[in-house]
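Asks: Pasting target.csv below, which is CSV, C-alpha atoms.
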chain,number,residue,atom,x,y,z
A,14,MET,CA,134.4,192.2,151.9
A,15,LYS,CA,135.1,192.5,155.6
A,16,ASN,CA,131.4,192.7,156.4
A,17,GLU,CA,130.2,190.5,153.7
A,18,LYS,CA,126.5,189.5,153.7
A,19,PHE,CA,125.3,186.3,152.1
A,20,LEU,CA,122.0,186.0,150.3
A,21,MET,CA,120.1,182.7,150.5
A,22,PHE,CA,117.4,181.5,148.2
A,23,GLY,CA,115.5,178.2,148.5
A,24,GLN,CA,113.1,176.5,146.1
A,25,ALA,CA,109.9,174.8,147.2
A,26,PHE,CA,110.3,171.3,148.6
A,27,GLY,CA,109.7,168.5,146.1
A,28,THR,CA,106.4,166.8,146.2
A,29,GLU,CA,104.9,163.9,144.2
A,30,THR,CA,101.6,162.1,144.1
A,31,ILE,CA,101.7,158.5,142.9
A,32,SER,CA,98.8,156.2,142.3
A,33,SER,CA,100.2,152.9,143.3
A,34,THR,CA,98.9,149.4,142.5
A,35,ASP,CA,100.5,147.9,145.5
A,36,ALA,CA,102.4,148.7,148.7
A,37,THR,CA,105.6,149.5,146.9
A,38,VAL,CA,105.9,153.1,145.8
A,39,GLN,CA,108.6,154.2,143.4
A,40,SER,CA,109.5,157.9,143.8
A,41,THR,CA,110.8,159.7,140.7
A,42,THR,CA,113.0,162.7,140.0
A,43,SER,CA,109.8,164.8,140.2
A,44,LEU,CA,110.3,164.4,144.0
A,45,VAL,CA,114.1,164.5,144.2
A,46,ASP,CA,116.8,164.3,141.6
A,47,PRO,CA,118.4,161.8,141.9
A,48,VAL,CA,116.1,159.5,143.9
A,49,SER,CA,119.2,157.9,145.4
A,50,SER,CA,119.4,161.0,147.6
A,51,LEU,CA,116.7,159.2,149.6
A,52,ASN,CA,117.9,156.5,151.9
A,53,ALA,CA,116.8,154.3,154.8
A,54,ASN,CA,117.0,157.2,157.2
A,55,SER,CA,115.1,159.8,155.2
A,56,ILE,CA,111.9,159.5,157.2
A,57,THR,CA,113.6,159.3,160.6
A,58,ASN,CA,115.8,162.3,159.7
A,59,GLY,CA,112.7,164.3,158.9
A,60,ILE,CA,113.4,164.6,155.2
A,61,LEU,CA,110.4,162.6,153.8
A,62,GLN,CA,106.7,162.5,154.6
A,63,VAL,CA,104.4,159.8,153.3
A,64,LEU,CA,100.7,160.4,153.1
A,65,ILE,CA,98.0,158.2,151.7
A,66,THR,CA,94.4,159.0,150.9
A,67,ALA,CA,92.2,156.5,152.7
A,68,HIS,CA,90.0,154.4,150.5
A,69,ALA,CA,87.1,152.0,151.3
A,70,ASP,CA,89.4,149.2,150.2
A,71,HIS,CA,92.0,150.0,152.8
A,72,ASP,CA,92.3,148.3,156.1
A,73,PHE,CA,94.4,150.2,158.6
A,74,ALA,CA,96.2,149.0,161.7
A,75,THR,CA,94.5,150.1,164.9
A,76,ALA,CA,97.2,152.8,165.5
A,77,PHE,CA,95.6,154.8,162.7
A,78,GLY,CA,92.1,154.6,164.1
A,79,THR,CA,89.4,154.2,161.5
A,80,PRO,CA,90.0,156.8,158.7
A,81,SER,CA,87.1,157.5,156.4
A,82,ALA,CA,87.4,157.3,152.7
A,83,GLY,CA,89.0,160.5,151.5
A,84,ASP,CA,90.9,161.2,154.7
A,85,VAL,CA,94.6,161.9,154.2
A,86,VAL,CA,96.6,159.8,156.6
A,87,ASP,CA,100.2,160.4,157.5
A,88,ILE,CA,101.8,156.9,157.4
A,89,SER,CA,105.4,158.1,157.5
A,90,SER,CA,106.2,156.5,160.8
A,91,VAL,CA,105.6,153.0,159.6
A,92,CYS,CA,107.0,153.2,156.1
A,93,THR,CA,110.5,152.2,155.0
A,94,VAL,CA,112.7,153.7,152.3
A,95,GLY,CA,115.2,151.8,150.1
A,96,ALA,CA,118.9,152.5,150.7
A,97,SER,CA,119.3,154.1,147.4
A,98,ASP,CA,116.5,153.2,145.0
A,99,GLY,CA,113.9,155.8,146.1
A,100,ILE,CA,111.4,153.0,146.8
A,101,ILE,CA,109.0,153.5,149.7
A,102,THR,CA,107.4,150.4,151.2
A,103,ILE,CA,104.1,150.5,153.1
A,104,PRO,CA,103.9,147.7,155.6
A,105,ASN,CA,100.6,145.7,155.7
A,106,LYS,CA,98.1,145.9,158.6
A,107,ALA,CA,99.8,143.0,160.4
A,108,GLY,CA,103.1,144.9,160.1
A,109,GLY,CA,101.6,148.1,161.6
A,110,GLY,CA,100.6,149.8,158.3
A,111,LEU,CA,97.6,149.0,156.2
A,112,ASP,CA,96.4,146.5,153.7
A,113,VAL,CA,96.3,148.5,150.5
A,114,SER,CA,93.8,148.0,147.7
A,115,SER,CA,94.6,145.6,144.9
A,116,THR,CA,92.7,147.9,142.5
A,117,GLY,CA,94.9,150.3,140.5
A,118,GLY,CA,94.1,153.9,141.3
A,119,ASN,CA,92.8,153.2,144.8
A,120,ASN,CA,96.2,153.8,146.5
A,121,VAL,CA,96.9,157.5,146.2
A,122,VAL,CA,100.2,158.2,147.9
A,123,LYS,CA,101.7,161.7,148.3
A,124,LEU,CA,105.4,162.1,149.0
A,125,ASN,CA,106.6,165.4,150.5
A,126,LEU,CA,110.1,166.5,151.0
A,127,LEU,CA,110.5,168.4,154.3
A,128,LYS,CA,114.1,169.5,153.8
A,129,HIS,CA,116.2,170.7,150.9
A,130,ILE,CA,118.4,167.8,149.8
A,131,ASP,CA,118.2,168.3,146.0
A,132,GLY,CA,121.4,169.7,144.6
A,133,GLY,CA,121.2,173.4,143.9
A,134,GLU,CA,117.8,174.0,145.4
A,135,LEU,CA,119.1,175.9,148.5
A,136,CYS,CA,121.9,178.3,147.6
A,137,ALA,CA,123.7,181.3,149.0
A,138,TRP,CA,125.9,183.8,147.3
A,139,PRO,CA,128.0,186.7,148.7
A,140,ALA,CA,126.0,189.9,148.2
A,141,SER,CA,128.9,191.2,146.2
A,142,SER,CA,128.2,188.5,143.6
A,143,PHE,CA,124.9,190.1,142.8
A,144,ASN,CA,125.0,191.3,139.2
A,145,GLY,CA,121.5,192.7,138.8
A,146,ALA,CA,117.9,192.0,138.0
A,147,HIS,CA,115.2,192.6,135.5
A,148,ILE,CA,111.6,191.8,135.0
A,149,GLY,CA,111.1,188.4,133.4
A,150,SER,CA,108.5,187.2,130.9
A,151,ALA,CA,105.6,188.6,132.9
A,152,ASN,CA,105.0,191.2,135.6
A,153,THR,CA,104.9,188.3,138.1
A,154,GLU,CA,108.4,187.3,137.4
A,155,THR,CA,111.8,188.8,138.2
A,156,LEU,CA,115.2,187.4,137.2
A,157,LEU,CA,118.1,187.8,139.6
A,158,PHE,CA,121.7,187.3,138.4
A,159,PHE,CA,124.7,186.4,140.4
A,160,LYS,CA,128.3,185.7,139.3
A,161,ALA,CA,128.4,182.0,138.6
A,162,GLN,CA,129.8,179.7,141.2
A,163,THR,CA,131.5,177.8,138.4
A,164,ASN,CA,133.9,180.7,137.9
A,165,ASP,CA,134.5,179.4,134.3
A,166,LYS,CA,133.8,182.7,132.7
A,167,LEU,CA,132.1,180.9,129.8
A,168,GLY,CA,129.2,183.3,129.6
A,169,ASN,CA,127.4,184.5,126.5
A,170,ASP,CA,129.4,186.5,123.9
A,171,GLY,CA,132.6,186.4,126.0
A,172,GLY,CA,130.9,187.7,129.1
A,173,ILE,CA,131.0,186.2,132.6
A,174,SER,CA,128.8,183.2,133.5
A,175,VAL,CA,125.8,183.8,135.8
A,176,ASP,CA,123.7,181.8,138.1
A,177,THR,CA,120.0,182.8,137.7
A,178,VAL,CA,117.3,182.9,140.4
A,179,THR,CA,113.8,183.2,138.9
A,180,VAL,CA,111.4,184.8,141.4
A,181,THR,CA,107.6,184.4,141.0
A,182,HIS,CA,105.7,187.0,142.9
A,183,THR,CA,102.5,189.1,143.0
A,184,ALA,CA,102.0,191.2,139.9
A,185,ASN,CA,103.9,194.4,139.6
A,186,LYS,CA,106.1,193.8,142.6
A,187,PHE,CA,109.5,194.1,140.9
A,188,ASN,CA,110.4,197.0,143.1
A,189,ASP,CA,109.5,195.1,146.2
A,190,VAL,CA,111.7,192.2,145.2
A,191,LEU,CA,114.6,194.7,144.7
A,192,SER,CA,113.8,196.2,148.1
A,193,MET,CA,114.1,192.8,149.7
A,194,ILE,CA,117.5,192.3,148.0
A,195,LYS,CA,118.7,195.7,149.2
A,196,ASP,CA,117.6,195.1,152.7
A,197,ALA,CA,119.1,191.6,152.8
A,198,ALA,CA,122.4,193.0,151.8
A,199,SER,CA,122.2,195.9,154.2
A,200,SER,CA,124.7,195.9,157.0
A,201,SER,CA,121.9,197.2,159.3
A,202,LYS,CA,120.2,193.8,159.1
A,203,GLY,CA,121.4,191.4,161.7
A,204,GLY,CA,123.0,188.1,160.8
A,205,ALA,CA,125.5,187.2,158.2
A,206,ILE,CA,123.1,185.3,156.0
A,207,ALA,CA,119.8,186.6,154.9
A,208,GLU,CA,117.2,184.2,153.6
A,209,VAL,CA,115.8,186.5,151.0
A,210,ALA,CA,113.2,183.9,150.0
A,211,ASN,CA,113.2,180.3,151.1
A,212,VAL,CA,109.9,179.0,149.8
A,213,GLY,CA,110.4,175.5,151.2
A,214,ASN,CA,110.9,176.7,154.7
A,215,GLY,CA,108.4,179.6,154.3
A,216,VAL,CA,111.1,182.1,155.4
A,217,TYR,CA,111.2,185.6,153.7
A,218,ILE,CA,113.0,188.8,154.6
A,219,ASN,CA,110.7,191.6,155.7
A,220,ASN,CA,107.7,189.3,155.7
A,221,ASN,CA,107.6,188.9,151.9
A,222,PRO,CA,106.3,192.3,150.7
A,223,ALA,CA,106.6,191.1,147.1
A,224,GLY,CA,104.3,188.1,147.7
A,225,ILE,CA,106.9,185.6,146.5
A,226,THR,CA,105.4,182.3,145.8
A,227,GLY,CA,108.1,180.6,143.8
A,228,ILE,CA,111.9,180.4,143.5
A,229,SER,CA,113.7,178.6,140.7
A,230,ILE,CA,117.5,178.4,140.7
A,231,ALA,CA,119.5,177.7,137.6
A,232,LEU,CA,123.2,177.3,138.4
A,233,ASP,CA,125.6,177.7,135.6
A,234,ALA,CA,126.8,174.3,134.5
B,12,MET,CA,143.3,191.0,153.5
B,13,LYS,CA,140.6,188.8,154.9
B,14,THR,CA,141.1,185.0,154.4
B,15,TYR,CA,139.3,181.8,155.1
B,16,LEU,CA,141.3,178.8,156.4
B,17,PHE,CA,140.3,175.2,156.3
B,18,THR,CA,142.5,172.7,158.2
B,19,LEU,CA,141.6,169.1,157.7
B,20,VAL,CA,144.0,166.9,159.6
B,21,ASN,CA,145.6,166.5,162.9
B,22,ASN,CA,148.5,168.8,163.7
B,23,PRO,CA,150.8,169.4,162.0
B,24,ALA,CA,149.2,170.1,158.6
B,25,ASP,CA,152.2,169.0,156.6
B,26,ALA,CA,151.1,167.3,153.4
B,27,ALA,CA,149.3,168.2,150.2
B,28,GLY,CA,145.6,168.5,150.9
B,29,ASP,CA,145.9,168.9,154.6
B,30,GLY,CA,144.6,172.4,154.4
B,31,VAL,CA,143.9,175.4,152.3
B,32,MET,CA,143.5,179.1,152.6
B,33,PHE,CA,141.4,181.3,150.3
B,34,ALA,CA,141.1,185.0,150.0
B,35,SER,CA,137.7,186.0,151.1
B,36,ASP,CA,136.8,187.5,147.8
B,37,ALA,CA,137.5,184.1,146.2
B,38,PHE,CA,134.3,182.8,147.7
B,39,LEU,CA,131.6,182.2,145.0
B,40,GLY,CA,128.8,180.7,147.0
B,41,MET,CA,127.5,177.5,148.5
B,42,ASN,CA,124.8,175.0,147.8
B,43,ILE,CA,123.2,172.0,149.2
B,44,THR,CA,124.4,169.1,147.1
B,45,ASP,CA,123.0,166.1,149.0
B,46,ASP,CA,121.0,165.3,152.1
B,47,ASN,CA,124.3,165.4,154.1
B,48,GLN,CA,126.5,167.7,152.0
B,49,VAL,CA,127.0,171.3,151.5
B,50,THR,CA,129.5,172.4,148.8
B,51,LEU,CA,131.4,175.7,149.1
B,52,ASN,CA,132.8,177.0,145.8
B,53,PHE,CA,135.8,179.2,145.5
B,54,LYS,CA,137.7,180.7,142.6
B,55,LYS,CA,140.3,178.1,141.8
B,56,VAL,CA,143.2,178.6,144.1
B,57,ASP,CA,145.8,178.3,141.3
B,58,GLY,CA,144.1,181.1,139.3
B,59,THR,CA,142.7,179.1,136.4
B,60,LEU,CA,139.1,179.8,135.4
B,61,ASP,CA,137.6,177.0,137.4
B,62,VAL,CA,136.6,176.3,141.0
B,63,SER,CA,138.1,174.8,144.1
B,64,THR,CA,135.5,173.1,146.2
B,65,VAL,CA,135.2,172.4,149.9
B,66,VAL,CA,132.6,169.7,150.6
B,67,LEU,CA,131.2,169.7,154.1
B,68,THR,CA,129.7,166.4,155.2
B,69,HIS,CA,127.2,167.0,157.9
B,70,THR,CA,124.4,165.4,159.9
B,71,ALA,CA,121.6,164.5,157.5
B,72,ALA,CA,118.9,167.1,156.8
B,73,LYS,CA,121.0,169.9,158.5
B,74,GLY,CA,122.2,171.7,155.3
B,75,ARG,CA,120.4,174.9,156.0
B,76,GLU,CA,121.8,175.1,159.5
B,77,VAL,CA,125.3,174.4,158.2
B,78,MET,CA,125.1,177.1,155.6
B,79,GLN,CA,124.0,179.5,158.3
B,80,ILE,CA,126.9,178.6,160.5
B,81,VAL,CA,129.4,178.9,157.7
B,82,ALA,CA,128.1,182.3,156.7
B,83,ALA,CA,128.2,183.5,160.3
B,84,THR,CA,131.8,182.3,160.6
B,85,MET,CA,132.8,183.9,157.3
B,86,ALA,CA,131.3,187.2,158.3
B,87,GLY,CA,133.7,187.5,161.2
B,88,GLY,CA,135.9,190.5,161.4
B,89,ALA,CA,139.3,188.8,161.7
B,90,ASN,CA,141.8,188.8,158.9
B,91,MET,CA,142.2,185.0,159.1
B,92,ILE,CA,139.1,183.0,159.8
B,93,ASP,CA,139.3,179.3,160.7
B,94,VAL,CA,136.1,178.2,158.9
B,95,VAL,CA,136.7,174.6,159.7
B,96,ASP,CA,139.5,173.3,161.9
B,97,LEU,CA,139.6,169.5,162.0
B,98,ALA,CA,142.9,169.6,163.9
B,99,ASN,CA,141.1,171.0,166.9
B,100,THR,CA,141.0,168.1,169.4
B,101,SER,CA,137.7,169.3,170.9
B,102,GLY,CA,135.9,168.6,167.6
B,103,LEU,CA,135.1,170.6,164.6
B,104,ARG,CA,135.3,174.2,165.5
B,105,THR,CA,135.4,177.5,163.8
B,106,MET,CA,136.5,180.8,165.0
B,107,SER,CA,133.1,182.2,165.8
B,108,GLN,CA,130.9,179.2,165.9
B,109,THR,CA,131.2,175.7,167.3
B,110,THR,CA,129.3,172.9,165.7
B,111,ASP,CA,129.2,169.2,165.8
B,112,LEU,CA,127.0,169.1,162.7
B,113,ILE,CA,130.0,168.9,160.3
B,114,THR,CA,131.5,165.5,160.4
B,115,ALA,CA,134.0,165.5,157.5
B,116,VAL,CA,135.5,167.9,154.9
B,117,THR,CA,136.7,167.0,151.4
B,118,LEU,CA,138.9,169.4,149.4
B,119,SER,CA,139.1,169.5,145.7
B,120,LEU,CA,141.7,172.1,144.8
Represent the structure contained in this file as C-alpha cells.

Replies:
Amino acid sequence: MKNEKFLMFGQAFGTETISSTDATVQSTTSLVDPVSSLNANSITNGILQVLITAHADHDFATAFGTPSAGDVVDISSVCTVGASDGIITIPNKAGGGLDVSSTGGNNVVKLNLLKHIDGGELCAWPASSFNGAHIGSANTETLLFFKAQTNDKLGNDGGISVDTVTVTHTANKFNDVLSMIKDAASSSKGGAIAEVANVGNGVYINNNPAGITGISIALDA
Amino acid sequence: MKTYLFTLVNNPADAAGDGVMFASDAFLGMNITDDNQVTLNFKKVDGTLDVSTVVLTHTAAKGREVMQIVAATMAGGANMIDVVDLANTSGLRTMSQTTDLITAVTLSL
C-alpha cells in the first residue's frame, strides 16, 4: 500500500425548484438531507445559490435592474438562510430584494447546491478497496463495488459488505468506465487522489471518455 | 509497515484519546459528512468488525479540498505519516502538506 491511490466519486449537486406563495422558501431533503446542513452562512460560503424566475407581479430593488417576466435572476446575495431549518427568506424591495407575488405559483424559486455537503455524496476509497464492476440494468449503467467503509462484514450470504457506486453513462461504454478506473489507479497518473467522476464539480479523469452523466453512491449502512 | 498517525493534543500525548495510529491498510475510505466535516473510516483499531472514525472539522464548503490534502498526505512514502498533528504549535500540519483548513479533529475509536 506504499503508493496507494485513492479513487473519488461525486454525485451531482442537489437542486430543487419550489413554487412559493410568499417570501419564505422551505427547502426539503430533495435539496440536501438533512436540511439542517444549511445554515446562516451557506450563501456566503458559496454552498447555496438562490434563483427566482421573474414574474410580472414582482417588483425588484434597483440593484437587479428591470428583469423581464421569465428572466431567471440570481438573488443569492440578498437572501438569508435559517440557522438550521433550511428556510430561505427573500427580503422585500425595501430590504434590497423584491416584492414577491401574492399569487400562488408566481414565485418560482430554484435552489442549487454549489458544493457537496450531503453525507455520502462525495466519497473516496483506496484503490485497493475496489472489488469489481459489472453492467447494471441497462447498457447505460455500470455498478462499481468497493469494500464497505463500515467494515462490518455483514454482506449477503456471509460475504463482505460493499459500497456501491452506480455510474450512468453513454450506451455501451462499460469498457470505457473500466478504463477510467484503471487509469485512475495507475501509478503513472499524477496525484494521490483521482477524481474518477465528480459530476457536481464537472471533473472526470481522461476527459470522461465514457460520457458519464450521473453518479449515485450507496454506502453500506 | 506504513502507518498513519493522528495526534490531537498538545505535547505530550499522554491520555486516552490523545492520539491514534492505524496501519495504512486499515484505511477504508472517507466521505463528506456535513458542510464542514469529512469523516475518515478505518478498520476498528481493536480488531472487531466495526470502524474507528476520525472526523475532521474544516472550513465550511472545503470538504473536497480537505479530502485531496488527506489523500496526498497518506500517499507519502514514509513509514509513519503524521496525517494530522494538532500538537504542532505552528498549526495543523501534516507531513507532506500544510493546511489551515482543518480546525478540529474528533476520534471515535

Asks: Work out how far atom CA of Thr102 of chain A is from atom CA of Asn125 of chain A, in Å to one decimal.

Replies: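 Between these atoms lies a distance of 15.0 Å.
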
Asks: Could you build a table of the residues in chain B lying no more than 7 Å from chain A, giving for each the nearest pair of atoms and their separation in Å rounded to one decimal place, using all atoms listed in the file, ordered by chain and ascending residue number, as a tab-separated table?

Replies:
residue	atom	partner	partner_atom	distance
B:Lys13	CA	A:Lys15	CA	6.7
B:Asp36	CA	A:Met14	CA	6.7
B:Leu39	CA	A:Gln162	CA	4.9
B:Gly40	CA	A:Trp138	CA	4.3
B:Met41	CA	A:Ala137	CA	5.4
B:Asn42	CA	A:Cys136	CA	4.4
B:Ile43	CA	A:Gly132	CA	5.4
B:Thr44	CA	A:Gly132	CA	4.0
B:Asp45	CA	A:Ile130	CA	5.0
B:Asp46	CA	A:Ile130	CA	4.3
B:Asn52	CA	A:Gln162	CA	6.1
B:Lys54	CA	A:Asn164	CA	6.0
B:Leu60	CA	A:Asp165	CA	4.7
B:Asp61	CA	A:Asp165	CA	5.0
B:Val62	CA	A:Thr163	CA	5.9
B:Ala71	CA	A:Asn58	CA	6.6
B:Ala72	CA	A:Lys128	CA	6.1
B:Gln79	CA	A:Ile206	CA	6.3
B:Ala82	CA	A:Ala205	CA	5.7
B:Ala83	CA	A:Ala205	CA	5.0
B:Ala86	CA	A:Glu17	CA	5.8
B:Gly88	CA	A:Lys15	CA	6.2

Asks: Let me see the file: selected residues, C-alpha atoms, as a tab-separated table (two decimals), in the frame of the given file.

Replies:
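Once written, result.tsv looks like this:
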chain	number	residue	atom	x	y	z
B	13	LYS	CA	140.60	188.80	154.90
B	36	ASP	CA	136.80	187.50	147.80
B	39	LEU	CA	131.60	182.20	145.00
B	40	GLY	CA	128.80	180.70	147.00
B	41	MET	CA	127.50	177.50	148.50
B	42	ASN	CA	124.80	175.00	147.80
B	43	ILE	CA	123.20	172.00	149.20
B	44	THR	CA	124.40	169.10	147.10
B	45	ASP	CA	123.00	166.10	149.00
B	46	ASP	CA	121.00	165.30	152.10
B	52	ASN	CA	132.80	177.00	145.80
B	54	LYS	CA	137.70	180.70	142.60
B	60	LEU	CA	139.10	179.80	135.40
B	61	ASP	CA	137.60	177.00	137.40
B	62	VAL	CA	136.60	176.30	141.00
B	71	ALA	CA	121.60	164.50	157.50
B	72	ALA	CA	118.90	167.10	156.80
B	79	GLN	CA	124.00	179.50	158.30
B	82	ALA	CA	128.10	182.30	156.70
B	83	ALA	CA	128.20	183.50	160.30
B	86	ALA	CA	131.30	187.20	158.30
B	88	GLY	CA	135.90	190.50	161.40

Asks: Which value, in Å to one decimal, gives the distance between atom CA of Gly118 of chain A and atom CA of Gly213 of chain A?

Replies: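 Pair atom CA of Gly118 of chain A / atom CA of Gly213 of chain A returns 28.8 Å.
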
Asks: Contacts of Phe17 of chain B at 8 Å or less, counting all atoms listed in the file, minus same-chain residues fewer than 4 places along, as a list in words?

Replies: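 Using all atoms listed in the file, the neighbours found are Gly30, Val31, Met32, Asp93, Val94, Val95 and Asp96 of chain B.
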
Asks: Would you save the residues of that selection, restricted to C-alpha atoms, as a PDB file, in the coordinates of the input?

Replies:
ATOM      1  CA  GLY B  30     144.600 172.400 154.400  1.00  0.00           C
ATOM      2  CA  VAL B  31     143.900 175.400 152.300  1.00  0.00           C
ATOM      3  CA  MET B  32     143.500 179.100 152.600  1.00  0.00           C
ATOM      4  CA  ASP B  93     139.300 179.300 160.700  1.00  0.00           C
ATOM      5  CA  VAL B  94     136.100 178.200 158.900  1.00  0.00           C
ATOM      6  CA  VAL B  95     136.700 174.600 159.700  1.00  0.00           C
ATOM      7  CA  ASP B  96     139.500 173.300 161.900  1.00  0.00           C
TER       8      ASP B  96
END

Asks: One decimal, in Å: what's the spacing between atom CA of Thr226 of chain A and atom CA of Val212 of chain A?

Replies: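 Distance between the two atoms: 6.9 Å.
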
Asks: Counting only C-alpha atoms, I want the residues whose atoms come within 10 Å of (102.8, 162.8, 153.2) in the file frame, returned as a PyMOL selection string.

Replies: chain A and resi 28-30+61-66+85-89+122-127

Asks: Neighbourhood query: residues within 9 Å of (113.0, 193.5, 148.2), file coordinates, counting only C-alpha atoms; return as number ranges by chain.

Replies: A: 186-197, 209, 218-219, 221-223

Asks: So which one's closest to Val66 of chain B, B:Leu16, B:Ala34, B:Ile92, B:Val116? Using all atoms listed in the file, please.

Replies: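 Under the stated criterion, the closest residue is B:Val116.
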
Asks: When you count only C-alpha atoms, which of these residues is closest to Ile148 of chain A: A:Asp112, A:Gly168, A:His182, A:Asp176?

Replies: A:His182

Asks: So that I can check the surroundings of Thr64 of chain B, please list as a list in words every protein, DNA and RNA residue that reaches within 7 Å of it, counting only C-alpha atoms and ignoring chain neighbours fewer than 5 positions away.

Replies: Thr50, Leu51, Asn52, Phe53, Leu118, Ser119 and Leu120 of chain B

Asks: If I only have part of segment 194-211 of chain A, can you fill in N, CA and C atoms and write it as a PDB file, keeping the file's coordinate frame?

Replies:
ATOM      1  N   ILE A 194     116.074 192.531 148.267  1.00  0.00           N
ATOM      2  CA  ILE A 194     117.500 192.300 148.000  1.00  0.00           C
ATOM      3  C   ILE A 194     118.333 193.362 148.740  1.00  0.00           C
ATOM      4  N   LYS A 195     117.904 194.591 148.570  1.00  0.00           N
ATOM      5  CA  LYS A 195     118.700 195.700 149.200  1.00  0.00           C
ATOM      6  C   LYS A 195     118.717 195.547 150.686  1.00  0.00           C
ATOM      7  N   ASP A 196     117.592 195.236 151.291  1.00  0.00           N
ATOM      8  CA  ASP A 196     117.600 195.100 152.700  1.00  0.00           C
ATOM      9  C   ASP A 196     118.377 193.886 153.209  1.00  0.00           C
ATOM     10  N   ALA A 197     118.326 192.813 152.423  1.00  0.00           N
ATOM     11  CA  ALA A 197     119.100 191.600 152.800  1.00  0.00           C
ATOM     12  C   ALA A 197     120.575 191.897 152.807  1.00  0.00           C
ATOM     13  N   ALA A 198     121.006 192.724 151.871  1.00  0.00           N
ATOM     14  CA  ALA A 198     122.400 193.000 151.800  1.00  0.00           C
ATOM     15  C   ALA A 198     122.872 194.138 152.695  1.00  0.00           C
ATOM     16  N   SER A 199     121.914 194.773 153.349  1.00  0.00           N
ATOM     17  CA  SER A 199     122.200 195.900 154.200  1.00  0.00           C
ATOM     18  C   SER A 199     122.954 195.488 155.457  1.00  0.00           C
ATOM     19  N   SER A 200     123.957 196.228 155.808  1.00  0.00           N
ATOM     20  CA  SER A 200     124.700 195.900 157.000  1.00  0.00           C
ATOM     21  C   SER A 200     123.867 196.180 158.273  1.00  0.00           C
ATOM     22  N   SER A 201     122.764 196.921 158.117  1.00  0.00           N
ATOM     23  CA  SER A 201     121.900 197.200 159.300  1.00  0.00           C
ATOM     24  C   SER A 201     121.063 196.019 159.675  1.00  0.00           C
ATOM     25  N   LYS A 202     120.971 195.042 158.779  1.00  0.00           N
ATOM     26  CA  LYS A 202     120.200 193.800 159.100  1.00  0.00           C
ATOM     27  C   LYS A 202     121.082 192.868 159.849  1.00  0.00           C
ATOM     28  N   GLY A 203     120.572 192.319 160.918  1.00  0.00           N
ATOM     29  CA  GLY A 203     121.400 191.400 161.700  1.00  0.00           C
ATOM     30  C   GLY A 203     121.606 190.087 161.012  1.00  0.00           C
ATOM     31  N   GLY A 204     122.686 189.426 161.381  1.00  0.00           N
ATOM     32  CA  GLY A 204     123.000 188.100 160.800  1.00  0.00           C
ATOM     33  C   GLY A 204     123.790 188.176 159.573  1.00  0.00           C
ATOM     34  N   ALA A 205     124.629 187.171 159.393  1.00  0.00           N
ATOM     35  CA  ALA A 205     125.500 187.200 158.200  1.00  0.00           C
ATOM     36  C   ALA A 205     124.794 186.682 156.993  1.00  0.00           C
ATOM     37  N   ILE A 206     123.806 185.821 157.188  1.00  0.00           N
ATOM     38  CA  ILE A 206     123.100 185.300 156.000  1.00  0.00           C
ATOM     39  C   ILE A 206     121.668 185.673 156.073  1.00  0.00           C
ATOM     40  N   ALA A 207     121.200 186.205 154.970  1.00  0.00           N
ATOM     41  CA  ALA A 207     119.800 186.600 154.900  1.00  0.00           C
ATOM     42  C   ALA A 207     119.060 185.702 153.964  1.00  0.00           C
ATOM     43  N   GLU A 208     118.043 185.073 154.494  1.00  0.00           N
ATOM     44  CA  GLU A 208     117.200 184.200 153.600  1.00  0.00           C
ATOM     45  C   GLU A 208     116.226 185.167 152.950  1.00  0.00           C
ATOM     46  N   VAL A 209     116.603 185.562 151.759  1.00  0.00           N
ATOM     47  CA  VAL A 209     115.800 186.500 151.000  1.00  0.00           C
ATOM     48  C   VAL A 209     114.408 185.871 150.742  1.00  0.00           C
ATOM     49  N   ALA A 210     114.452 184.659 150.231  1.00  0.00           N
ATOM     50  CA  ALA A 210     113.200 183.900 150.000  1.00  0.00           C
ATOM     51  C   ALA A 210     113.522 182.443 150.002  1.00  0.00           C
ATOM     52  N   ASN A 211     113.056 181.779 150.996  1.00  0.00           N
ATOM     53  CA  ASN A 211     113.200 180.300 151.100  1.00  0.00           C
ATOM     54  C   ASN A 211     111.811 179.740 151.133  1.00  0.00           C
TER      55      ASN A 211
END
